[in-house]
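This is structure12.txt. It holds compact mmCIF, C-alpha atoms.
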# COMPACT_ATOMS: atom_id res chain seq x y z
CA MET A 216 0.00 0.00 0.00
CA PHE A 217 1.14 3.52 -0.73
CA HIS A 218 -0.12 4.94 2.58
CA ASN A 219 1.04 3.79 5.97
CA HIS A 220 -1.38 5.90 7.97
CA SER A 221 -1.04 5.85 11.71
CA LYS A 222 -3.48 3.78 13.75
CA GLU A 223 -5.33 6.91 14.88
CA ASN A 224 -6.12 7.85 11.30
CA VAL A 225 -7.50 4.40 10.60
CA GLU A 226 -9.65 4.58 13.72
CA MET A 227 -10.95 8.03 12.76
CA GLY A 228 -11.99 6.23 9.62
CA PHE A 229 -11.39 7.46 6.13
CA CYS A 230 -15.02 6.50 5.49
CA GLY A 231 -16.15 9.95 6.71
CA MET A 232 -14.85 13.30 5.44
CA LYS A 233 -11.25 13.48 4.27
CA LYS A 234 -9.84 16.43 6.16
CA LEU A 235 -6.92 18.21 4.53
CA VAL A 236 -5.25 20.89 6.65
CA ILE A 237 -2.71 23.33 5.21
CA LEU A 238 -0.46 25.00 7.78
CA GLY A 239 0.79 28.34 6.46
CA GLY A 240 -0.56 30.48 3.64
CA GLY A 241 2.86 31.38 2.23
CA TYR A 242 4.09 30.50 -1.27
CA GLY A 243 4.01 26.71 -0.73
CA GLY A 244 0.69 26.49 1.09
CA LEU A 245 -1.06 28.95 -1.22
CA LYS A 246 0.17 27.27 -4.42
CA ALA A 247 -0.93 23.87 -3.09
CA LEU A 248 -4.36 25.31 -2.29
CA LEU A 249 -4.74 27.02 -5.69
CA GLY A 250 -3.63 23.82 -7.44
CA LEU A 251 -6.37 21.85 -5.65
CA LEU A 252 -9.09 24.47 -6.19
CA ASP A 253 -8.35 24.48 -9.93
CA HIS A 254 -9.95 21.01 -10.08
CA GLN A 255 -13.22 19.34 -9.28
CA LEU A 256 -12.55 17.85 -5.84
CA PRO A 257 -14.30 14.79 -4.41
CA GLU A 258 -17.37 15.74 -2.36
CA ASP A 259 -15.92 14.17 0.80
CA VAL A 260 -12.85 16.48 0.95
CA GLU A 261 -12.73 19.29 3.51
CA ILE A 262 -9.90 21.84 3.22
CA THR A 263 -8.78 24.09 6.08
CA LEU A 264 -5.99 26.64 5.69
CA VAL A 265 -4.36 27.93 8.88
CA ASP A 266 -2.36 31.16 9.00
CA ARG A 267 -1.62 33.79 11.63
CA ASN A 268 -2.76 36.56 9.22
CA PRO A 269 -6.00 36.82 7.23
CA TYR A 270 -4.03 37.36 4.00
CA HIS A 271 -1.10 35.98 2.00
CA SER A 272 2.07 37.98 2.66
CA VAL A 273 4.44 38.54 -0.26
CA LYS A 274 7.51 37.74 1.81
CA THR A 275 10.06 38.46 -0.91
CA GLU A 276 8.99 42.13 -0.63
CA PHE A 277 9.23 42.46 3.18
CA TYR A 278 12.45 44.46 2.78
CA THR A 279 10.31 47.32 1.37
CA ILE A 280 8.23 47.32 4.56
CA ALA A 281 11.43 47.35 6.65
CA ALA A 282 12.66 50.39 4.68
CA GLY A 283 9.32 52.19 4.65
CA THR A 284 9.11 52.32 0.84
CA SER A 285 5.93 50.23 0.44
CA ALA A 286 2.57 50.34 2.12
CA ASP A 287 1.35 47.21 3.90
CA LYS A 288 -1.39 46.63 1.37
CA ASP A 289 1.15 46.49 -1.48
CA VAL A 290 2.73 43.32 -0.11
CA ARG A 291 -0.31 41.30 0.85
CA LEU A 292 -2.97 39.48 -1.15
CA HIS A 293 -6.39 38.13 -0.28
CA PHE A 294 -6.73 34.38 0.09
CA PRO A 295 -9.00 32.77 -2.54
CA ASP A 296 -12.69 33.13 -1.76
CA ASP A 297 -14.00 29.61 -2.31
CA GLU A 298 -16.68 27.75 -0.37
CA ARG A 299 -14.53 24.58 -0.45
CA VAL A 300 -11.98 26.18 1.91
CA ARG A 301 -12.32 27.12 5.55
CA TYR A 302 -9.81 29.61 6.96
CA VAL A 303 -8.60 29.56 10.54
CA TYR A 304 -6.46 32.48 11.74
CA GLY A 305 -4.38 32.02 14.85
CA GLU A 306 -1.02 31.19 16.42
CA ILE A 307 -0.34 27.46 16.32
CA GLU A 308 0.81 26.05 19.64
CA LYS A 309 1.47 22.44 18.68
CA VAL A 310 1.37 20.14 15.68
CA ASP A 311 0.63 16.77 17.30
CA THR A 312 1.35 14.17 14.62
CA SER A 313 0.68 11.18 16.88
CA ASN A 314 -2.92 12.30 17.45
CA ALA A 315 -3.23 14.14 14.11
CA THR A 316 -4.33 17.41 15.74
CA ILE A 317 -3.40 21.11 15.64
CA THR A 318 -3.83 23.25 18.76
CA PHE A 319 -3.60 27.03 19.14
CA SER A 320 -2.14 29.31 21.77
CA ASN A 321 -4.78 32.03 21.31
CA LYS A 322 -7.96 29.97 20.83
CA SER A 323 -9.45 26.77 22.25
CA GLU A 324 -10.28 25.23 18.87
CA VAL A 325 -8.56 21.93 18.04
CA ILE A 326 -8.32 20.91 14.38
CA ASP A 327 -7.87 17.30 13.34
CA TYR A 328 -6.64 16.12 9.96
CA ASN A 329 -6.29 13.08 7.73
CA TYR A 330 -3.84 14.84 5.42
CA LEU A 331 -1.51 17.65 6.38
CA ILE A 332 0.58 20.11 4.36
CA ILE A 333 3.24 21.88 6.42
CA GLY A 334 4.40 25.20 4.97
CA LEU A 335 5.25 27.18 8.08
CA GLY A 336 8.33 28.91 6.69
CA CYS A 337 11.40 29.92 8.62
CA GLU A 338 12.62 32.16 11.41
CA ASP A 339 15.90 33.90 12.11
CA ASN A 340 18.88 31.77 13.06
CA TYR A 341 20.97 33.68 15.58
CA HIS A 342 23.71 31.01 15.70
CA GLY A 343 23.82 31.34 19.48
CA ILE A 344 25.25 34.88 19.31
CA GLU A 345 24.65 36.72 22.57
CA GLY A 346 22.14 39.59 22.36
CA ALA A 347 21.27 38.91 18.71
CA LYS A 348 17.70 37.81 19.35
CA GLN A 349 17.09 40.45 21.99
CA PHE A 350 18.57 43.52 20.31
CA THR A 351 18.16 43.08 16.56
CA HIS A 352 15.27 43.72 14.20
CA SER A 353 14.04 41.13 11.71
CA VAL A 354 12.38 40.88 8.31
CA GLN A 355 11.18 37.28 8.69
CA THR A 356 7.51 37.93 9.50
CA PHE A 357 5.16 40.69 8.41
CA SER A 358 4.82 41.88 11.98
CA ASN A 359 8.62 41.98 12.49
CA ALA A 360 9.21 43.76 9.16
CA ARG A 361 6.68 46.42 10.23
CA LYS A 362 8.49 46.96 13.54
CA THR A 363 11.78 47.24 11.65
CA GLY A 364 10.22 49.81 9.32
CA VAL A 365 9.00 51.90 12.26
CA ALA A 366 12.45 51.78 13.90
CA VAL A 367 14.23 52.81 10.67
CA CYS A 368 11.75 55.51 9.68
CA ASP A 369 11.77 56.98 13.20
CA LEU A 370 15.54 57.52 13.20
CA LYS A 371 16.76 61.08 13.61
CA ALA A 372 18.90 62.63 10.86
CA TYR A 373 22.20 60.81 10.23
CA GLY A 374 21.15 57.86 12.40
CA LYS A 375 23.21 54.66 12.20
CA VAL A 376 21.90 51.34 10.90
CA SER A 377 23.87 48.08 10.89
CA ILE A 378 22.70 45.12 8.83
CA VAL A 379 24.22 41.77 9.75
CA GLY A 380 24.41 39.36 6.80
CA ALA A 381 25.04 40.18 3.14
CA GLY A 382 22.98 37.56 1.34
CA LEU A 383 20.00 38.51 -0.81
CA SER A 384 17.93 39.80 2.14
CA GLY A 385 20.73 41.91 3.57
CA ILE A 386 21.54 43.46 0.18
CA GLU A 387 17.90 44.33 -0.54
CA VAL A 388 17.31 45.76 2.94
CA ALA A 389 20.50 47.88 2.83
CA SER A 390 19.89 49.29 -0.66
CA GLU A 391 16.20 49.98 -0.02
CA ILE A 392 16.96 51.83 3.23
CA ARG A 393 19.62 53.82 1.39
CA GLU A 394 17.07 54.88 -1.22
CA SER A 395 14.49 55.64 1.45
CA ARG A 396 16.82 57.64 3.74
CA PRO A 397 19.85 59.20 1.99
CA ASP A 398 20.92 60.78 5.30
CA LEU A 399 21.42 57.56 7.28
CA ASN A 400 24.77 55.90 7.92
CA ILE A 401 24.39 52.31 6.76
CA ARG A 402 26.83 49.54 7.53
CA LEU A 403 26.58 46.02 6.11
CA LEU A 404 28.47 43.24 7.89
CA ASP A 405 29.38 40.41 5.53
CA ARG A 406 30.92 37.18 6.80
CA GLY A 407 32.49 36.36 3.43
CA ALA A 408 35.13 38.00 1.27
CA THR A 409 32.48 39.27 -1.19
CA VAL A 410 28.77 40.02 -0.98
CA LEU A 411 26.32 37.50 -2.50
CA LYS A 412 28.79 34.63 -2.58
CA ALA A 413 26.19 32.36 -4.22
CA PHE A 414 26.00 34.63 -7.29
CA ASP A 415 28.09 35.17 -10.41
CA PRO A 416 31.28 37.27 -9.87
CA LYS A 417 29.94 39.88 -12.33
CA ILE A 418 26.92 40.39 -10.07
CA GLN A 419 29.07 40.48 -6.91
CA GLN A 420 31.21 43.22 -8.46
CA TYR A 421 28.20 45.20 -9.68
CA VAL A 422 26.58 45.16 -6.23
CA ALA A 423 29.87 46.01 -4.50
CA GLU A 424 30.30 49.02 -6.80
CA TRP A 425 26.68 50.08 -6.19
CA PHE A 426 27.38 50.15 -2.44
CA VAL A 427 30.52 52.25 -2.91
CA ALA A 428 28.68 54.69 -5.20
CA ASN A 429 25.76 54.93 -2.77
CA ASP A 430 27.86 55.27 0.35
CA VAL A 431 26.96 52.03 2.09
CA ASP A 432 29.85 50.82 4.21
CA VAL A 433 30.49 47.07 3.66
CA LEU A 434 32.71 45.23 6.17
CA HIS A 435 33.93 41.85 4.87
CA HIS A 436 35.17 38.89 6.96
CA ALA A 437 32.75 39.99 9.67
CA ASN A 438 32.51 37.92 12.80
CA VAL A 439 29.83 39.27 15.11
CA GLU A 440 30.72 38.34 18.68
CA TYR A 441 27.74 39.89 20.46
CA VAL A 442 25.04 42.49 20.00
CA GLU A 443 24.07 45.17 22.52
CA LYS A 444 21.12 47.53 22.72
CA ASP A 445 23.02 50.22 20.83
CA GLY A 446 25.84 48.45 19.10
CA VAL A 447 27.40 45.46 17.39
CA CYS A 448 30.75 44.00 18.37
CA ASN A 449 32.59 42.59 15.37
CA ASN A 450 36.14 41.21 15.33
CA GLY A 451 36.94 42.97 18.59
CA VAL A 452 35.61 46.38 17.46
CA CYS A 453 32.30 47.66 18.85
CA TYR A 454 30.29 49.85 16.49
CA VAL A 455 27.71 52.12 18.08
CA ASN A 456 24.46 52.20 16.12
CA ASP A 457 20.78 52.97 16.54
CA VAL A 458 19.16 50.03 14.73
CA THR A 459 20.61 46.58 14.04
CA ILE A 460 18.84 44.39 11.47
CA TRP A 461 19.56 40.64 11.39
CA THR A 462 19.64 38.91 7.99
CA ALA A 463 22.35 36.36 8.80
CA GLY A 464 20.63 33.05 8.28
CA VAL A 465 17.35 31.28 8.86
CA ARG A 466 16.12 27.93 10.13
CA PRO A 467 12.77 26.16 9.96
CA ASN A 468 9.93 27.36 12.19
CA TYR A 469 10.33 26.02 15.74
CA LEU A 470 7.05 24.03 15.46
CA VAL A 471 8.68 22.04 12.65
CA ARG A 472 11.96 21.56 14.51
CA GLU A 473 9.96 19.95 17.35
CA LEU A 474 8.36 17.31 15.10
CA PRO A 475 9.56 13.71 15.60
CA PHE A 476 10.69 13.20 11.98
CA ALA A 477 14.12 12.66 10.43
CA LYS A 478 15.79 15.97 9.55
CA ASP A 479 18.84 17.15 7.63
CA GLU A 480 21.73 19.14 9.17
CA GLN A 481 19.76 22.37 8.68
CA GLU A 482 16.91 20.92 10.78
CA LYS A 483 14.63 20.61 7.74
CA ILE A 484 12.34 17.58 7.46
CA ILE A 485 13.53 14.93 5.01
CA VAL A 486 10.81 14.14 2.46
CA ASN A 487 10.42 11.52 -0.27
CA GLU A 488 9.99 12.28 -3.99
CA TYR A 489 6.28 13.01 -3.37
CA PHE A 490 7.18 15.65 -0.72
CA GLN A 491 5.77 13.30 1.91
CA VAL A 492 7.30 12.46 5.28
CA PRO A 493 8.45 8.83 4.74
CA GLU A 494 7.33 7.81 8.26
CA ASN A 495 3.90 9.47 7.79
CA THR A 496 3.01 9.64 4.11
CA ASN A 497 -0.22 11.56 4.81
CA ILE A 498 1.99 14.53 5.83
CA TYR A 499 3.53 16.76 3.14
CA VAL A 500 6.22 19.39 3.72
CA VAL A 501 7.08 22.35 1.45
CA GLY A 502 9.28 25.45 1.40
CA ASP A 503 11.76 26.36 4.13
CA CYS A 504 10.64 23.40 6.27
CA ALA A 505 11.49 20.71 3.68
CA SER A 506 14.96 19.37 2.98
CA SER A 507 15.98 20.20 -0.60
CA ASP A 508 19.01 20.43 -2.88
CA PHE A 509 17.99 24.02 -3.70
CA SER A 510 18.46 27.17 -1.62
CA PRO A 511 15.24 28.32 0.04
CA SER A 512 13.14 30.76 -2.00
CA GLY A 513 9.52 31.72 -2.61
CA GLN A 514 9.86 30.29 -6.10
CA LEU A 515 11.00 26.89 -4.78
CA ALA A 516 8.19 26.74 -2.21
CA GLY A 517 5.64 27.64 -4.89
CA GLN A 518 6.80 24.90 -7.25
CA GLN A 519 6.77 22.35 -4.42
CA GLY A 520 3.23 23.44 -3.52
CA GLU A 521 2.07 22.94 -7.13
CA ARG A 522 3.51 19.40 -7.15
CA VAL A 523 1.94 18.52 -3.80
CA ALA A 524 -1.44 19.59 -5.22
CA GLU A 525 -0.97 17.15 -8.14
CA VAL A 526 -0.01 14.30 -5.81
CA LEU A 527 -2.94 15.01 -3.48
CA LEU A 528 -5.45 15.21 -6.33
CA ALA A 529 -4.58 11.59 -7.13
CA VAL A 530 -4.46 10.45 -3.49
CA LEU A 531 -7.82 12.05 -2.64
CA GLN A 532 -9.38 10.19 -5.57
CA GLY A 533 -7.89 6.92 -4.31
CA LYS A 534 -5.36 6.68 -7.15
CA GLN A 535 -1.63 6.05 -7.13
CA PRO A 536 0.03 9.46 -7.77
CA LYS A 537 2.49 9.95 -10.60
CA LYS A 538 6.02 10.87 -9.63
CA PRO A 539 6.15 14.71 -9.60
CA LYS A 540 8.15 16.37 -12.35
CA GLU A 541 11.54 17.83 -11.58
CA ILE A 542 11.81 21.26 -9.98
CA ARG A 543 13.08 23.83 -12.48
CA LEU A 544 13.90 27.22 -11.03
CA LYS A 545 13.86 30.24 -13.32
CA GLY A 546 16.71 32.10 -11.64
CA THR A 547 16.93 34.66 -8.86
CA LEU A 548 16.18 38.38 -9.02
CA GLY A 549 17.28 40.98 -6.51
CA SER A 550 16.69 44.70 -6.22
CA LEU A 551 18.96 47.63 -5.45
CA GLY A 552 16.28 50.20 -4.70
CA LYS A 553 13.42 50.85 -7.07
CA SER A 554 15.33 51.30 -10.36
CA ASP A 555 18.39 49.06 -10.17
CA GLY A 556 18.86 45.36 -9.63
CA PHE A 557 20.60 42.10 -10.48
CA GLY A 558 19.76 38.51 -11.21
CA ASN A 559 20.63 35.14 -12.65
CA MET A 560 18.19 34.47 -15.47
CA MET A 561 18.51 31.60 -17.94
CA GLN A 562 22.00 30.96 -16.47
CA LYS A 563 23.07 34.50 -17.46
CA PRO A 564 24.06 37.21 -14.97
CA LEU A 565 22.06 40.43 -15.50
CA THR A 566 22.49 43.80 -13.82
CA GLY A 567 20.81 47.20 -13.93
CA LEU A 568 17.27 48.22 -14.75
CA LEU A 569 16.25 45.09 -16.69
CA PRO A 570 16.32 42.57 -13.80
CA ARG A 571 14.64 45.18 -11.59
CA ILE A 572 11.78 45.54 -14.09
CA ALA A 573 11.63 41.74 -14.32
CA LYS A 574 11.34 41.50 -10.54
CA SER A 575 8.45 44.00 -10.53
CA GLY A 576 6.85 41.98 -13.34
CA VAL A 577 7.10 38.73 -11.41
CA LEU A 578 5.50 40.43 -8.41
CA TRP A 579 2.71 41.87 -10.57
CA LEU A 580 2.04 38.47 -12.16
CA SER A 581 1.88 36.70 -8.80
CA LYS A 582 -0.61 39.30 -7.56
CA ARG A 583 -2.73 38.89 -10.70
CA HIS A 584 -2.71 35.13 -10.23

Rewritten as structure tokens:
Amino acid sequence: MFHNHSKENVEMGFCGMKKLVILGGGYGGLKALLGLLDHQLPEDVEITLVDRNPYHSVKTEFYTIAAGTSADKDVRLHFPDDERVRYVYGEIEKVDTSNATITFSNKSEVIDYNYLIIGLGCEDNYHGIEGAKQFTHSVQTFSNARKTGVAVCDLKAYGKVSIVGAGLSGIEVASEIRESRPDLNIRLLDRGATVLKAFDPKIQQYVAEWFVANDVDVLHHANVEYVEKDGVCNNGVCYVNDVTIWTAGVRPNYLVRELPFAKDEQEKIIVNEYFQVPENTNIYVVGDCASSDFSPSGQLAGQQGERVAEVLLAVLQGKQPKKPKEIRLKGTLGSLGKSDGFGNMMQKPLTGLLPRIAKSGVLWLSKRH
């Protein structure tokens, strides 16, 4: 048999309604939902989507909220209005896979499931650095990005901002804040020898030159020892600053790290080729929570969600699913403010206005969809 459902699921009986619960309305969860709603579903399927917010957040644009260059409503979308879906908004307290239930910290409701899609995203990884969690701002959730935006926009003239981590998030946050507030002193702490070490050297050079031209101070070979309320100590030197923003790594949501499943060295759940947990094949994992050969991205989560929808359409009709087709990513786009950018597209490095326009186009298309 394809499914090795736990005893509890058998006792609940698949003769009644088939309850599918989607945890997280991010790229993975939303694409899985849309993929299912595109089809005629069996009458006995009940879908519930759980999210802390009553909207889909366009997470790849949170840096604009942190810099104060976008309004909230520009980076959120309504969930699909469809009578086949029930929405539950709340903070999840526990995902209990032995009893197949979801409990909440802010409401008494308990949700049970026969099938589960986990797309709970990631949170900051502070790597055990003292003071980092307590004294830094984040762009990992909508609520945190808002708080970061308030802190940055409230700074007095010539205030000092330090951004720890020079990957895609750090670069976009630094350049957007620069465009938003030309007066601020911005420092970017990069652990490597060059920014964006995962990108083509041409892109690394272009971004480095952009920072020089736009007066953003980049410190390479950074090694943050601890963070204080008004400063960052790096390689024995303590820099006084007003706001510190952390973009130096992520890890799966703590609810996922607590689950009793096999995980990789980044604490992501190991899944089979159907994106199922091998020990519990009625549980699917997508996005930042699922172990993958690819770097985490909204695009990856979305493609995984689409494939999970195809698998589930077969499973819910009692058929053996086809092996999902290979993931094919279209490249990565990054912005340097509103009119400059960079990206790897079709294996070619691009810089300047073109990739920035492409990024806006991708955002527009995803909103239209």

Do a neighbour search on Cys504 in chain A at 7 Å with all atoms listed in the file, toss out local chain neighbours closer than 5 positions, and write the hits as a PyMOL selection string. chain A and resi 334-337+467+471+483-484

Exercise for review: Tell me which protein, DNA and RNA residues are within 9 Å of range 258-275 of chain A, counting all atoms listed in the file, leaving out same-chain ones fewer than 5 positions away, and put them as JSON, numbers by chain.
Suggested key: {"A": [231, 232, 233, 234, 235, 236, 237, 238, 239, 240, 241, 242, 244, 245, 248, 289, 290, 291, 292, 293, 294, 299, 300, 301, 302, 303, 304, 305, 306, 307, 326, 335, 354, 355, 356, 357, 384, 512, 513, 531, 578, 582]}

From the set A:Glu424, A:Asp479, A:Asp555, A:Glu308, which residue has the shortest atom-to-atom contact distance to Leu568 in chain A, counting only C-alpha atoms?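 Among the listed residues, A:Asp555 lies closest to Leu568 in chain A.
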
Could you work out an axis-aligned bounding box for all listed atoms of range 477-481 of chain A, with 6 Å added on each of the six sides, and give its centre and edge lengths in Å to one decimal, as JSON?
{"center_x": 17.9, "center_y": 17.5, "center_z": 9.0, "size_x": 19.6, "size_y": 21.7, "size_z": 14.8}

Computed gap from CA of Asn438 in chain A to CA of Asn450 in chain A is 5.5 Å

Practice prompt. Show me as JSON, numbers by chain the residues that reach within 8 Å of (10.3, 12.0, 11.1), counting all atoms listed in the file and using the file's own coordinates.
Written response: {"A": [474, 475, 476, 477, 478, 484, 485, 492, 493, 494, 495]}

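The interatomic distance for the pair CA of Gly464 in chain A and CA of Ala524 in chain A works out to 29.2 Å.
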
Using only C-alpha atoms, the best pick from A:Glu298, A:Glu525, A:Glu387, A:Asp398 as closest to Leu411 in chain A would be A:Glu387

With distances taken over all atoms listed in the file, the candidate from A:Asn456, A:Val433, A:Thr351, A:Ala428 nearest Leu399 in chain A is A:Asn456

Exercise. Which one of A:Leu331, A:Leu565, A:Val465, A:Ala505 sits closest to Phe414 in chain A if you count all atoms listed in the file?
Worked result: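 Of the candidates, the smallest distance to Phe414 in chain A is held by A:Leu565.
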
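Distance check against Pro397 in chain A using only C-alpha atoms: of A:Ile317, A:Arg543, A:Ala282, A:Asn497, the minimum falls on A:Ala282.
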
Got a sec: who's within 12 Å of Gln419 in chain A, counting only C-alpha atoms, leaving out chain neighbours fewer than 2 positions off, as number ranges by chain?
-> A: 381-383, 386, 407-417, 421-426, 549, 556-559, 564-566

Which value, in Å to one decimal, gives the distance between CA of His342 in chain A and CA of Arg466 in chain A?
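Computing it gives 9.9 Å between the two atoms.
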